[in-house]
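Text of the file model_37.cif, holding mmCIF, C-alpha atoms:
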```cif
data_model
loop_
_atom_site.label_atom_id
_atom_site.label_comp_id
_atom_site.auth_asym_id
_atom_site.auth_seq_id
_atom_site.Cartn_x
_atom_site.Cartn_y
_atom_site.Cartn_z
CA MET A 8 0.00 0.00 0.00
CA GLN A 9 1.52 3.28 -1.08
CA ILE A 10 1.47 6.66 0.55
CA LYS A 11 -1.06 9.03 -1.04
CA SER A 12 1.30 12.00 -1.22
CA ALA A 13 4.96 12.78 -0.67
CA LYS A 14 4.75 15.27 2.17
CA GLU A 15 7.84 16.31 4.07
CA HIS A 16 5.89 17.07 7.24
CA TYR A 17 2.94 15.50 9.05
CA ASP A 18 1.23 16.77 12.16
CA ILE A 19 1.16 13.25 13.61
CA VAL A 20 2.99 10.06 12.62
CA ILE A 21 1.65 6.84 14.15
CA VAL A 22 4.16 4.00 14.27
CA GLY A 23 2.15 0.78 14.21
CA GLY A 24 -1.17 0.18 12.45
CA GLY A 25 -2.43 -2.63 14.68
CA MET A 26 -5.52 -2.39 16.86
CA VAL A 27 -4.21 0.43 19.05
CA GLY A 28 -2.50 2.54 16.39
CA ALA A 29 -5.41 2.20 13.95
CA SER A 30 -7.98 2.96 16.67
CA PHE A 31 -6.09 6.12 17.62
CA ALA A 32 -5.89 7.23 13.98
CA CYS A 33 -9.61 6.69 13.43
CA ALA A 34 -10.59 8.37 16.72
CA LEU A 35 -8.42 11.40 15.99
CA ASP A 36 -9.75 11.65 12.44
CA ARG A 37 -13.34 11.49 13.67
CA ALA A 38 -12.88 13.96 16.53
CA ALA A 39 -10.96 16.54 14.47
CA THR A 40 -14.09 17.82 12.77
CA ASP A 41 -12.24 20.52 10.83
CA LYS A 42 -10.10 17.76 9.21
CA ASN A 43 -7.17 20.15 9.32
CA LEU A 44 -4.74 17.50 10.55
CA SER A 45 -2.27 15.45 8.53
CA ILE A 46 -1.88 11.91 9.90
CA LEU A 47 0.55 9.25 8.66
CA VAL A 48 0.32 5.62 9.82
CA VAL A 49 3.48 3.57 9.25
CA GLU A 50 2.96 -0.18 9.56
CA ALA A 51 5.48 -3.00 9.08
CA PHE A 52 2.90 -5.49 7.79
CA THR A 53 0.39 -5.39 4.97
CA LEU A 54 -3.03 -4.43 6.35
CA SER A 55 -5.61 -4.67 3.59
CA ASN A 56 -4.28 -7.45 1.37
CA CYS A 57 -3.73 -10.02 4.12
CA LEU A 58 -4.98 -8.99 7.52
CA SER A 59 -3.87 -12.27 9.07
CA ILE A 60 -0.22 -11.27 8.54
CA GLN A 61 -0.52 -8.48 11.12
CA PRO A 62 0.37 -10.06 14.50
CA SER A 63 -2.30 -8.16 16.45
CA PHE A 64 -4.94 -9.27 13.92
CA ASP A 65 -4.28 -12.99 14.34
CA ALA A 66 -6.72 -15.77 15.18
CA ARG A 67 -7.29 -14.42 18.66
CA SER A 68 -10.43 -12.70 19.87
CA THR A 69 -10.67 -9.62 22.05
CA ALA A 70 -13.14 -8.82 24.82
CA LEU A 71 -14.36 -5.23 24.57
CA SER A 72 -15.81 -3.75 27.74
CA PHE A 73 -19.03 -1.74 27.77
CA GLY A 74 -16.89 1.35 28.26
CA SER A 75 -14.83 0.46 25.20
CA SER A 76 -17.97 0.16 23.09
CA LYS A 77 -18.75 3.77 23.99
CA VAL A 78 -15.23 4.89 23.03
CA LEU A 79 -15.52 3.07 19.70
CA GLU A 80 -18.94 4.62 19.14
CA TRP A 81 -17.41 8.06 19.78
CA ALA A 82 -14.69 7.16 17.27
CA GLY A 83 -17.31 6.37 14.61
CA LEU A 84 -16.48 2.65 14.45
CA TRP A 85 -19.24 1.00 16.44
CA THR A 86 -21.92 0.82 13.73
CA ASP A 87 -19.71 -1.45 11.60
CA LEU A 88 -18.42 -3.39 14.61
CA LEU A 89 -21.93 -4.06 15.89
CA GLU A 90 -22.44 -6.37 12.91
CA VAL A 91 -19.58 -8.68 13.96
CA VAL A 92 -19.42 -8.58 17.78
CA THR A 93 -20.95 -11.11 20.16
CA PRO A 94 -22.53 -9.54 23.27
CA ILE A 95 -21.61 -10.67 26.80
CA LYS A 96 -24.79 -10.50 28.89
CA GLN A 97 -23.49 -12.29 31.98
CA ILE A 98 -20.08 -12.95 33.52
CA HIS A 99 -19.76 -16.02 35.75
CA VAL A 100 -16.71 -16.09 38.05
CA SER A 101 -15.80 -19.23 40.04
CA ASP A 102 -12.89 -21.01 41.73
CA LYS A 103 -12.48 -24.71 40.85
CA GLY A 104 -12.85 -27.03 43.82
CA HIS A 105 -13.89 -24.30 46.27
CA PHE A 106 -17.19 -22.75 47.24
CA GLY A 107 -17.94 -19.19 46.26
CA SER A 108 -18.88 -17.73 42.90
CA ALA A 109 -20.11 -14.45 41.47
CA LEU A 110 -22.48 -13.59 38.65
CA LEU A 111 -22.57 -10.22 36.92
CA ASN A 112 -25.67 -9.51 34.84
CA HIS A 113 -26.33 -6.80 32.25
CA GLU A 114 -29.89 -6.37 33.53
CA GLU A 115 -28.62 -5.16 36.90
CA HIS A 116 -26.98 -2.23 35.11
CA LYS A 117 -29.86 -1.62 32.67
CA ILE A 118 -27.62 -1.95 29.61
CA ASP A 119 -27.73 -4.21 26.55
CA ALA A 120 -24.46 -6.00 27.37
CA LEU A 121 -21.62 -5.97 29.90
CA GLY A 122 -19.20 -6.19 27.01
CA TYR A 123 -18.61 -7.74 23.61
CA VAL A 124 -16.27 -10.23 21.96
CA VAL A 125 -14.84 -9.53 18.52
CA GLU A 126 -12.50 -11.65 16.45
CA ASN A 127 -9.33 -9.68 15.82
CA ASN A 128 -9.37 -10.09 12.04
CA GLN A 129 -12.90 -8.64 11.94
CA LEU A 130 -11.89 -5.72 14.13
CA GLY A 131 -8.88 -5.25 11.88
CA ALA A 132 -11.07 -5.19 8.77
CA VAL A 133 -13.29 -2.45 10.24
CA LEU A 134 -10.27 -0.36 11.25
CA SER A 135 -8.55 -0.85 7.89
CA LYS A 136 -11.70 0.18 6.02
CA ALA A 137 -12.07 3.32 8.15
CA MET A 138 -8.45 4.36 7.59
CA GLU A 139 -8.55 3.73 3.85
CA SER A 140 -11.74 5.77 3.44
CA SER A 141 -10.37 8.74 5.40
CA SER A 142 -9.24 11.89 3.63
CA THR A 143 -7.00 12.74 6.59
CA ILE A 144 -5.17 9.46 7.26
CA GLU A 145 -2.37 8.32 4.96
CA LEU A 146 -1.11 4.75 5.19
CA LEU A 147 2.38 3.52 4.47
CA CYS A 148 2.75 -0.26 4.63
CA PRO A 149 4.66 -2.40 4.57
CA ALA A 150 7.35 -0.03 5.79
CA ARG A 151 9.78 0.23 8.66
CA ILE A 152 11.18 3.06 10.75
CA GLU A 153 14.97 3.13 10.65
CA SER A 154 15.41 5.94 13.17
CA VAL A 155 13.59 8.63 15.13
CA LYS A 156 15.51 11.77 16.09
CA PRO A 157 14.33 14.75 18.15
CA LEU A 158 14.20 18.19 16.52
CA ALA A 159 13.80 21.62 18.08
CA VAL A 160 10.07 21.10 17.52
CA GLY A 161 8.88 17.54 16.89
CA MET A 162 10.72 14.55 15.46
CA LYS A 163 12.45 13.44 12.27
CA LEU A 164 11.88 9.87 11.05
CA ALA A 165 13.93 7.87 8.57
CA ILE A 166 11.63 5.41 6.77
CA VAL A 167 12.21 2.53 4.36
CA ALA A 168 9.38 1.44 2.05
CA ASP A 169 9.69 -0.59 -1.16
CA GLU A 170 13.48 -0.44 -0.76
CA THR A 171 13.29 3.36 -0.91
CA ASP A 172 14.71 5.53 1.86
CA PHE A 173 13.14 8.87 2.74
CA THR A 174 12.54 11.12 5.75
CA VAL A 175 9.55 12.94 7.18
CA GLU A 176 9.23 15.41 10.02
CA THR A 177 6.33 15.50 12.44
CA SER A 178 5.05 17.45 15.43
CA LEU A 179 4.17 14.23 17.28
CA VAL A 180 5.20 10.59 17.03
CA VAL A 181 2.69 8.13 18.52
CA LEU A 182 4.42 4.82 19.23
CA ALA A 183 1.97 1.91 19.05
CA ASP A 184 4.26 -0.84 17.77
CA GLY A 185 3.97 -3.30 20.66
CA GLY A 186 5.75 -4.26 23.84
CA LYS A 187 9.03 -5.03 22.06
CA SER A 188 9.19 -1.68 20.26
CA PRO A 189 12.57 -1.26 18.54
CA ILE A 190 12.05 2.52 18.56
CA CYS A 191 11.82 2.53 22.36
CA SER A 192 15.10 0.67 22.55
CA GLN A 193 16.67 3.09 20.09
CA LEU A 194 15.49 6.09 22.13
CA GLY A 195 16.74 4.56 25.38
CA ILE A 196 13.28 4.17 26.95
CA SER A 197 13.62 1.32 29.43
CA ARG A 198 10.92 -0.85 31.00
CA ASP A 199 9.95 -2.29 34.36
CA THR A 200 9.13 -5.94 33.70
CA GLU A 201 7.92 -8.67 36.04
CA THR A 202 7.38 -12.12 34.59
CA TYR A 203 4.49 -14.23 35.89
CA GLU A 204 6.28 -17.47 34.92
CA GLN A 205 3.16 -18.31 32.92
CA HIS A 206 1.94 -18.61 29.34
CA SER A 207 -1.55 -18.14 27.96
CA LEU A 208 -2.94 -20.88 25.74
CA ILE A 209 -5.21 -19.26 23.16
CA ALA A 210 -7.60 -21.25 20.98
CA ASN A 211 -11.16 -21.40 19.72
CA ILE A 212 -13.25 -24.25 21.13
CA ALA A 213 -16.67 -25.75 20.41
CA PHE A 214 -19.17 -26.88 23.06
CA GLU A 215 -22.10 -29.26 23.03
CA ASN A 216 -24.46 -26.52 24.27
CA PRO A 217 -24.84 -22.83 23.29
CA HIS A 218 -23.13 -20.27 25.54
CA GLU A 219 -26.25 -18.07 25.95
CA HIS A 220 -23.98 -15.00 25.85
CA ILE A 221 -22.30 -15.88 29.15
CA ALA A 222 -18.56 -15.33 29.66
CA TYR A 223 -16.82 -17.57 32.19
CA GLU A 224 -13.79 -16.78 34.33
CA ARG A 225 -12.77 -20.02 36.02
CA PHE A 226 -9.86 -20.02 38.45
CA THR A 227 -8.13 -23.42 38.51
CA ASP A 228 -5.13 -24.98 40.22
CA THR A 229 -3.07 -24.39 37.06
CA GLY A 230 -4.17 -20.79 36.53
CA PRO A 231 -7.15 -18.71 35.36
CA LEU A 232 -9.25 -20.02 32.49
CA ALA A 233 -11.54 -17.70 30.52
CA VAL A 234 -14.20 -18.78 28.03
CA LEU A 235 -15.66 -15.99 25.91
CA PRO A 236 -18.77 -16.34 23.73
CA LEU A 237 -18.35 -16.28 19.95
CA SER A 238 -20.86 -16.39 17.11
CA ARG A 239 -21.96 -19.77 15.75
CA LEU A 240 -20.06 -20.97 12.72
CA GLU A 241 -20.72 -24.09 10.65
CA ASN A 242 -23.30 -25.17 13.23
CA GLU A 243 -20.74 -25.10 16.05
CA ASN A 244 -21.27 -23.48 19.47
CA ARG A 245 -18.01 -21.58 19.44
CA ALA A 246 -16.13 -19.86 22.24
CA SER A 247 -12.70 -18.31 22.68
CA LEU A 248 -10.41 -19.93 25.24
CA VAL A 249 -7.74 -18.07 27.21
CA TRP A 250 -6.09 -20.56 29.58
CA THR A 251 -3.21 -19.49 31.81
CA VAL A 252 -0.69 -22.25 32.50
CA ALA A 253 2.69 -22.47 34.22
CA ASN A 254 5.77 -22.28 32.01
CA ASP A 255 6.73 -25.88 32.77
CA GLN A 256 3.42 -27.14 31.29
CA VAL A 257 3.72 -25.44 27.92
CA GLU A 258 5.73 -28.05 26.01
CA GLU A 259 3.48 -30.86 27.24
CA LEU A 260 0.32 -29.01 26.18
CA LYS A 261 1.79 -28.24 22.76
CA LEU A 262 2.37 -31.95 22.12
CA LEU A 263 -0.77 -33.31 23.79
CA ALA A 264 -3.19 -35.11 21.46
CA GLU A 265 -6.46 -33.24 20.94
CA GLU A 266 -8.52 -35.89 22.72
CA ASP A 267 -6.26 -35.76 25.79
CA LEU A 268 -6.20 -31.97 25.81
CA LEU A 269 -10.00 -31.80 25.63
CA GLU A 270 -10.26 -34.22 28.54
CA ARG A 271 -7.91 -32.09 30.63
CA LEU A 272 -9.71 -28.90 29.65
CA GLN A 273 -13.09 -30.43 30.47
CA GLU A 274 -11.85 -31.38 33.93
CA ARG A 275 -10.69 -27.81 34.55
CA PHE A 276 -13.75 -26.03 33.15
CA GLY A 277 -16.53 -28.42 34.17
CA ASN A 278 -19.76 -29.27 32.37
CA ARG A 279 -21.54 -25.91 32.34
CA LEU A 280 -21.81 -25.98 28.55
CA GLY A 281 -21.81 -29.73 28.12
CA LYS A 282 -19.05 -31.62 26.37
CA ILE A 283 -16.20 -29.71 24.75
CA ARG A 284 -16.30 -31.13 21.23
CA LYS A 285 -13.12 -29.77 19.67
CA ILE A 286 -10.32 -27.26 19.94
CA GLY A 287 -8.72 -25.28 17.12
CA GLU A 288 -5.13 -24.23 16.56
CA ARG A 289 -3.26 -23.57 19.81
CA SER A 290 -1.14 -20.49 20.34
CA PHE A 291 1.03 -19.80 23.38
CA TYR A 292 2.16 -16.40 24.64
CA PRO A 293 4.48 -15.63 27.60
CA LEU A 294 2.89 -13.45 30.26
CA SER A 295 4.41 -10.51 32.10
CA LEU A 296 3.59 -7.13 33.55
CA SER A 297 5.70 -4.63 31.67
CA THR A 298 5.46 -0.84 31.81
CA ALA A 299 7.57 1.81 30.10
CA LYS A 300 9.47 4.07 32.48
CA GLU A 301 8.59 7.01 30.23
CA GLN A 302 5.31 7.37 28.36
CA ILE A 303 5.92 10.85 27.01
CA ARG A 304 8.75 13.03 25.74
CA PRO A 305 8.55 16.24 23.72
CA GLY A 306 7.01 15.16 20.41
CA LEU A 307 6.55 11.54 21.54
CA VAL A 308 3.83 9.49 23.28
CA LEU A 309 3.50 5.73 23.86
CA LEU A 310 0.18 3.87 23.48
CA GLY A 311 -0.95 0.28 24.03
CA ASN A 312 1.43 -2.55 24.88
CA VAL A 313 4.46 -0.35 24.31
CA ALA A 314 3.23 1.73 27.28
CA HIS A 315 1.84 -1.08 29.44
CA THR A 316 1.55 -4.83 28.83
CA LEU A 317 -0.85 -6.57 31.25
CA HIS A 318 -1.80 -10.10 32.26
CA PRO A 319 -4.86 -11.20 30.22
CA VAL A 320 -6.75 -12.48 33.30
CA ALA A 321 -9.17 -9.55 33.42
CA GLY A 322 -9.11 -8.67 29.73
CA GLN A 323 -7.99 -5.11 30.43
CA GLY A 324 -5.18 -4.53 27.91
CA LEU A 325 -6.95 -3.13 24.85
CA ASN A 326 -9.72 -1.66 26.98
CA LEU A 327 -7.24 0.45 28.93
CA ALA A 328 -5.56 1.46 25.66
CA LEU A 329 -8.90 2.67 24.27
CA ARG A 330 -9.46 4.85 27.32
CA ASP A 331 -5.91 6.18 26.87
CA ILE A 332 -6.77 6.95 23.24
CA GLU A 333 -9.90 8.87 24.20
CA SER A 334 -7.99 10.99 26.72
CA LEU A 335 -5.07 11.62 24.36
CA VAL A 336 -7.32 12.70 21.48
CA ASN A 337 -9.27 15.03 23.74
CA SER A 338 -6.07 16.53 25.19
CA LEU A 339 -4.52 17.10 21.76
CA LEU A 340 -7.60 18.64 20.20
CA SER A 341 -8.41 20.75 23.25
CA SER A 342 -4.92 22.22 23.09
CA ARG A 343 -5.44 23.24 19.45
CA ILE A 344 -8.30 25.48 20.55
CA THR A 345 -6.76 26.79 23.77
CA ASN A 346 -3.41 27.63 22.20
CA SER A 347 -4.60 28.73 18.75
CA GLN A 348 -3.41 32.34 19.07
CA GLU A 349 -0.04 31.30 20.51
CA THR A 350 0.33 28.76 17.72
CA LEU A 351 -0.22 31.45 15.09
CA GLU A 352 2.64 33.45 16.59
CA VAL A 353 4.92 30.40 16.49
CA GLU A 354 4.08 29.82 12.82
CA LYS A 355 5.56 33.16 11.82
CA SER A 356 9.03 31.81 12.60
CA LEU A 357 8.38 28.23 11.45
CA ASP A 358 7.33 28.50 7.82
CA SER A 359 7.68 24.76 7.16
CA ARG A 360 5.38 23.75 10.00
CA SER A 361 1.61 23.49 9.91
CA LYS A 362 -0.61 25.36 12.31
CA ASN A 363 -0.56 22.22 14.51
CA SER A 364 3.14 22.57 15.31
CA LYS A 365 2.54 22.61 19.09
CA ILE A 366 0.41 19.48 19.17
CA GLY A 367 3.34 17.43 20.49
CA SER A 368 4.35 19.85 23.23
CA MET A 369 5.13 18.52 26.70
CA GLN A 370 2.34 20.69 28.09
CA ASN A 371 -0.22 18.83 25.99
CA LEU A 372 1.24 15.41 26.70
CA GLN A 373 1.56 16.05 30.43
CA GLU A 374 -2.12 16.99 30.50
CA TYR A 375 -2.96 13.66 28.85
CA LEU A 376 -0.86 11.76 31.38
CA ARG A 377 -2.43 13.69 34.25
CA LEU A 378 -5.87 12.60 33.05
CA GLN A 379 -4.92 8.94 32.61
CA GLU A 380 -2.29 8.08 35.23
CA SER A 381 -4.87 7.24 37.92
CA ASP A 382 -6.85 4.99 35.56
CA GLN A 383 -3.66 3.30 34.40
CA ALA A 384 -2.36 2.72 37.93
CA LYS A 385 -5.69 1.35 39.16
CA THR A 386 -6.15 -0.96 36.18
CA ILE A 387 -2.59 -2.28 36.34
CA MET A 388 -2.89 -2.94 40.08
CA PHE A 389 -6.32 -4.61 39.69
CA THR A 390 -5.06 -6.94 36.96
CA ASP A 391 -1.82 -7.77 38.77
CA LYS A 392 -3.55 -8.54 42.08
CA ILE A 393 -6.16 -10.76 40.42
CA ALA A 394 -3.48 -12.63 38.46
CA LYS A 395 -1.42 -13.32 41.58
CA LEU A 396 -4.32 -14.09 43.91
CA PHE A 397 -5.91 -16.64 41.59
CA SER A 398 -2.71 -18.33 40.44
CA ASN A 399 -1.57 -19.32 43.90
CA ASN A 400 -2.59 -22.39 45.90
CA ASP A 401 -1.41 -21.03 49.24
CA LYS A 402 -4.14 -21.80 51.82
CA LEU A 403 -4.46 -18.18 52.93
CA LYS A 404 -4.92 -17.03 49.36
CA ILE A 405 -7.48 -19.76 48.72
CA TRP A 406 -9.51 -18.46 51.65
CA ALA A 407 -9.04 -14.92 50.40
CA ARG A 408 -10.44 -16.00 47.03
CA LYS A 409 -13.45 -17.64 48.65
CA PHE A 410 -14.13 -14.55 50.71
CA GLY A 411 -13.61 -12.29 47.72
CA LEU A 412 -16.06 -14.15 45.48
CA LEU A 413 -18.66 -14.35 48.24
CA SER A 414 -18.20 -10.64 48.95
CA ILE A 415 -18.74 -9.76 45.30
CA GLU A 416 -21.98 -11.75 45.27
CA MET A 417 -23.31 -10.65 48.66
CA ALA A 418 -22.08 -7.08 49.17
CA PRO A 419 -23.71 -4.63 46.71
CA SER A 420 -20.98 -1.99 47.08
CA ILE A 421 -18.17 -4.49 46.37
CA LYS A 422 -20.08 -5.99 43.46
CA LYS A 423 -20.70 -2.51 42.03
CA GLU A 424 -16.98 -1.67 42.18
CA PHE A 425 -15.98 -5.01 40.64
CA SER A 426 -18.58 -4.57 37.90
CA LYS A 427 -17.35 -1.05 37.15
CA GLN A 428 -13.82 -2.36 36.62
CA ALA A 429 -15.01 -5.26 34.48
CA MET A 430 -17.18 -2.93 32.37
CA GLY A 431 -14.33 -0.48 31.82
CA LEU A 432 -16.13 2.50 33.34
CA ARG A 433 -14.26 5.57 34.49
CA GLU A 434 -14.57 7.13 37.91
CA ASN A 435 -17.12 9.93 38.08
#
```
Taking this structure as input, can you express it in the form of structure tokens?
Amino acid sequence: MQIKSAKEHYDIVIVGGGMVGASFACALDRAATDKNLSILVVEAFTLSNCLSIQPSFDARSTALSFGSSKVLEWAGLWTDLLEVVTPIKQIHVSDKGHFGSALLNHEEHKIDALGYVVENNQLGAVLSKAMESSSTIELLCPARIESVKPLAVGMKLAIVADETDFTVETSLVVLADGGKSPICSQLGISRDTETYEQHSLIANIAFENPHEHIAYERFTDTGPLAVLPLSRLENENRASLVWTVANDQVEELKLLAEEDLLERLQERFGNRLGKIRKIGERSFYPLSLSTAKEQIRPGLVLLGNVAHTLHPVAGQGLNLALRDIESLVNSLLSSRITNSQETLEVEKSLDSRSKNSKIGSMQNLQEYLRLQESDQAKTIMFTDKIAKLFSNNDKLKIWARKFGLLSIEMAPSIKKEFSKQAMGLREN
């Protein structure tokens, strides 16, 4: 896919056109009603010709919280997504072999669904379509960033596409190229990383009985196990499996015959949906909590896994990123209005810059971080505590889990707070 024009300067360059980078581009394009922004998305993989090549658009599915559906609606994407998502109307939480469970229901909150499940390739198709139809967003893929260097105002990027080298300048670089971002390493942005000594086993499975739009979070002796409802396909009652296992079990599970794996999975999950009939291709991913020590610099901001990579136990990764996107877009566009007169004065001495030259200022980015740091800290802590509490067979922690699940079910205030976190709702 070729760039639409050969500009030397863009207001914003987004590095990474996966779910986070593309969502940010679409949200910014939608919110900037005057369309007076130039946006370039640089992606290493082909997006439109073969969506499955893009790692974040693989066979996996993603759980979108109720709050995320509102962000995507605000970004102008929800109408198309509504055709391909599967609603979650109940969430059942239990601990294998121990009493205590909790049930969250959409009717208690007077909403259509607590959340939704979307297959990543379908989400990718909606995002790709929105970017390609935009008059503001320009796509360059496949392409790679060779270097990013700070300027007096903004950044300069060296790019390689179709074996051609060229450079562009920008007021703001948005890094959304994943937790192993080579640009972060190049810029000397280090990370705090804690491994959980676990992998997640990801696969699609088929049950004997329909899921009735219920998502299950089952805590087992080998780690949390989530089953998310998917649409029926070829007369199969499909669901998405996210099973957390210890590192020393990974090789065995990779080699296990399907019949033996289904038997083991059935024993862990139980018979709530009848017999598990089959399991699709298995993928394994190492799990860690990893956060960048810097999320912003002048002319630079980090989004998604490059900013914070979470344990999948509570399904918070993309949902937190979408809330980050909403806050960042609002901060950037608000600053364009507030600082419009000052920006005009700056332009007089910067003839090669657009009127959005201050969009990547530290003042703007610090305001974004001020708005989101509490949400980020709370979500990271919530996910980390849940992952550690429910992956430990210490007797005290087992009793803590029992008490916690009973408290969620019996104490309205605790259940309300737990539901708010699960639904991805901000504090008032």
Could you state which residues are captured by the PyMOL selection byres ((chain A and resi 134-146) around 6) in this file, as a PyMOL selection string? chain A and resi 10+45-48+131-133+147
Step by step, work through what the PyMOL selection byres ((chain A and resi 219) around 9) selects in the shown file, and finish by giving those residues as a PyMOL selection string. chain A and resi 95-97+216-218+220-222+236
Residues near Ala264 (chain A), cut-off 12 Å, only C-alpha atoms, skip fewer than 6 positions along chain, as a PyMOL selection string: chain A and resi 270-271+285-286+289
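In this model, the gap between CA of Ala70 (chain A) and CA of Lys300 (chain A) comes to 27.1 Å.
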Could you check the closest approach to Ile283 (chain A) for each of A:Leu182, A:Ala34, A:Leu378, A:Leu248 and tell me which residue wins, using all atoms listed in the file? A:Leu248
Pick from A:Leu317, A:Leu208, A:Leu164, A:Leu232, whichever lies nearest to Glu259 (chain A) using only C-alpha atoms: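 Using only C-alpha atoms, Glu259 (chain A) sits closest to A:Leu208.
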Could you pull the residues within 7 Å of Glu153 (chain A), counting all atoms listed in the file, minus those fewer than 6 positions along the same chain, as a ChimeraX atom specification? /A:165-167
What is the distance between CA of Met369 (chain A) and CA of Pro305 (chain A), in Å to one decimal? 5.1 Å
Residue members of the PyMOL selection byres ((chain A and resi 308-314) around 7) in the file shown, as a ChimeraX atom specification: /A:27,180-188,298-299,302-304,307,315-316,325,328
Spatial sel., origin (11.3, 4.6, 13.1), limit 9 Å, only C-alpha atoms, listed as a list of chain:residue names: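 Protein, DNA and RNA residues close to (11.3, 4.6, 13.1): A:Val22, A:Val49, A:Arg151, A:Ile152, A:Glu153, A:Ser154, A:Val155, A:Lys156, A:Lys163, A:Leu164, A:Ala165, A:Ile166, A:Pro189, A:Ile190, A:Gln193.
When the distance limit is 10 Å and only C-alpha atoms are what count, the residues near Asn337 (chain A), minus those fewer than 5 positions from it on the same chain, are Ala34, Leu35, Ala38, Ala39, Asp331, Ile332, Ser342 and Tyr375 of chain A.
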Is it possible to get the axis-aligned box enclosing region 295-302 of chain A (all listed atoms, 6 Å extra per side) as lines of an AutoDock Vina configuration file, with centre and edge lengths in Å rounded to one decimal?
```
center_x = 6.5
center_y = -1.6
center_z = 31.0
size_x = 17.9
size_y = 29.9
size_z = 17.2
```
Just checking: using all atoms listed in the file, which residue out of A:His116, A:Asp169, A:Gly195, A:Arg239 ends up closest to Val91 (chain A)?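 Going through A:His116, A:Asp169, A:Gly195, A:Arg239 one by one, the smallest distance to Val91 (chain A) is for A:Arg239.
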Interatomic distance (Å, one decimal) between CA of Gly25 (chain A) and CA of Ile366 (chain A):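 Answer for the CA of Gly25 (chain A) to CA of Ile366 (chain A) separation: 22.7 Å.
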Using all atoms listed in the file, which residue out of A:Cys191, A:Leu376, A:Lys385, A:Ala82 lies closest to Thr40 (chain A)?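 Among A:Cys191, A:Leu376, A:Lys385, A:Ala82, it is A:Ala82 that comes nearest to Thr40 (chain A).
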Which is closer to Arg245 (chain A) than all the others in A:Gly287, A:Pro231, A:Gly277, A:Gly431, using all atoms listed in the file?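 Using all atoms listed in the file, the shortest distance to Arg245 (chain A) belongs to A:Gly287.
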Just checking: using only C-alpha atoms, which residue out of A:Leu327, A:Ala253, A:Val100, A:Leu194 ends up closest to Val234 (chain A)? A:Val100
What would region 219-230 of chain A look like with N, CA and C atoms restored, written as an mmCIF file, in the frame of the given file?
```
data_model
loop_
_atom_site.group_PDB
_atom_site.id
_atom_site.type_symbol
_atom_site.label_atom_id
_atom_site.label_comp_id
_atom_site.auth_asym_id
_atom_site.auth_seq_id
_atom_site.Cartn_x
_atom_site.Cartn_y
_atom_site.Cartn_z
ATOM 1 N N GLU A 219 -25.215 -18.996 25.451
ATOM 2 C CA GLU A 219 -26.250 -18.070 25.950
ATOM 3 C C GLU A 219 -25.659 -16.717 26.338
ATOM 4 N N HIS A 220 -24.613 -16.314 25.648
ATOM 5 C CA HIS A 220 -23.980 -15.000 25.850
ATOM 6 C C HIS A 220 -23.409 -14.819 27.262
ATOM 7 N N ILE A 221 -22.937 -15.925 27.835
ATOM 8 C CA ILE A 221 -22.300 -15.880 29.150
ATOM 9 C C ILE A 221 -20.789 -16.056 28.973
ATOM 10 N N ALA A 222 -20.016 -15.183 29.609
ATOM 11 C CA ALA A 222 -18.560 -15.330 29.660
ATOM 12 C C ALA A 222 -18.195 -15.969 30.993
ATOM 13 N N TYR A 223 -17.230 -16.865 30.975
ATOM 14 C CA TYR A 223 -16.820 -17.570 32.190
ATOM 15 C C TYR A 223 -15.375 -17.237 32.532
ATOM 16 N N GLU A 224 -15.148 -16.928 33.792
ATOM 17 C CA GLU A 224 -13.790 -16.780 34.330
ATOM 18 C C GLU A 224 -13.661 -17.827 35.414
ATOM 19 N N ARG A 225 -12.888 -18.870 35.127
ATOM 20 C CA ARG A 225 -12.770 -20.020 36.020
ATOM 21 C C ARG A 225 -11.344 -20.051 36.547
ATOM 22 N N PHE A 226 -11.191 -19.986 37.859
ATOM 23 C CA PHE A 226 -9.860 -20.020 38.450
ATOM 24 C C PHE A 226 -9.550 -21.457 38.866
ATOM 25 N N THR A 227 -8.474 -22.016 38.298
ATOM 26 C CA THR A 227 -8.130 -23.420 38.510
ATOM 27 C C THR A 227 -6.766 -23.528 39.187
ATOM 28 N N ASP A 228 -6.401 -24.764 39.539
ATOM 29 C CA ASP A 228 -5.130 -24.980 40.220
ATOM 30 C C ASP A 228 -3.936 -24.719 39.302
ATOM 31 N N THR A 229 -4.165 -24.670 37.992
ATOM 32 C CA THR A 229 -3.070 -24.390 37.060
ATOM 33 C C THR A 229 -3.076 -22.947 36.573
ATOM 34 N N GLY A 230 -4.091 -22.182 36.951
ATOM 35 C CA GLY A 230 -4.170 -20.790 36.530
ATOM 36 C C GLY A 230 -5.555 -20.433 36.020
#
```
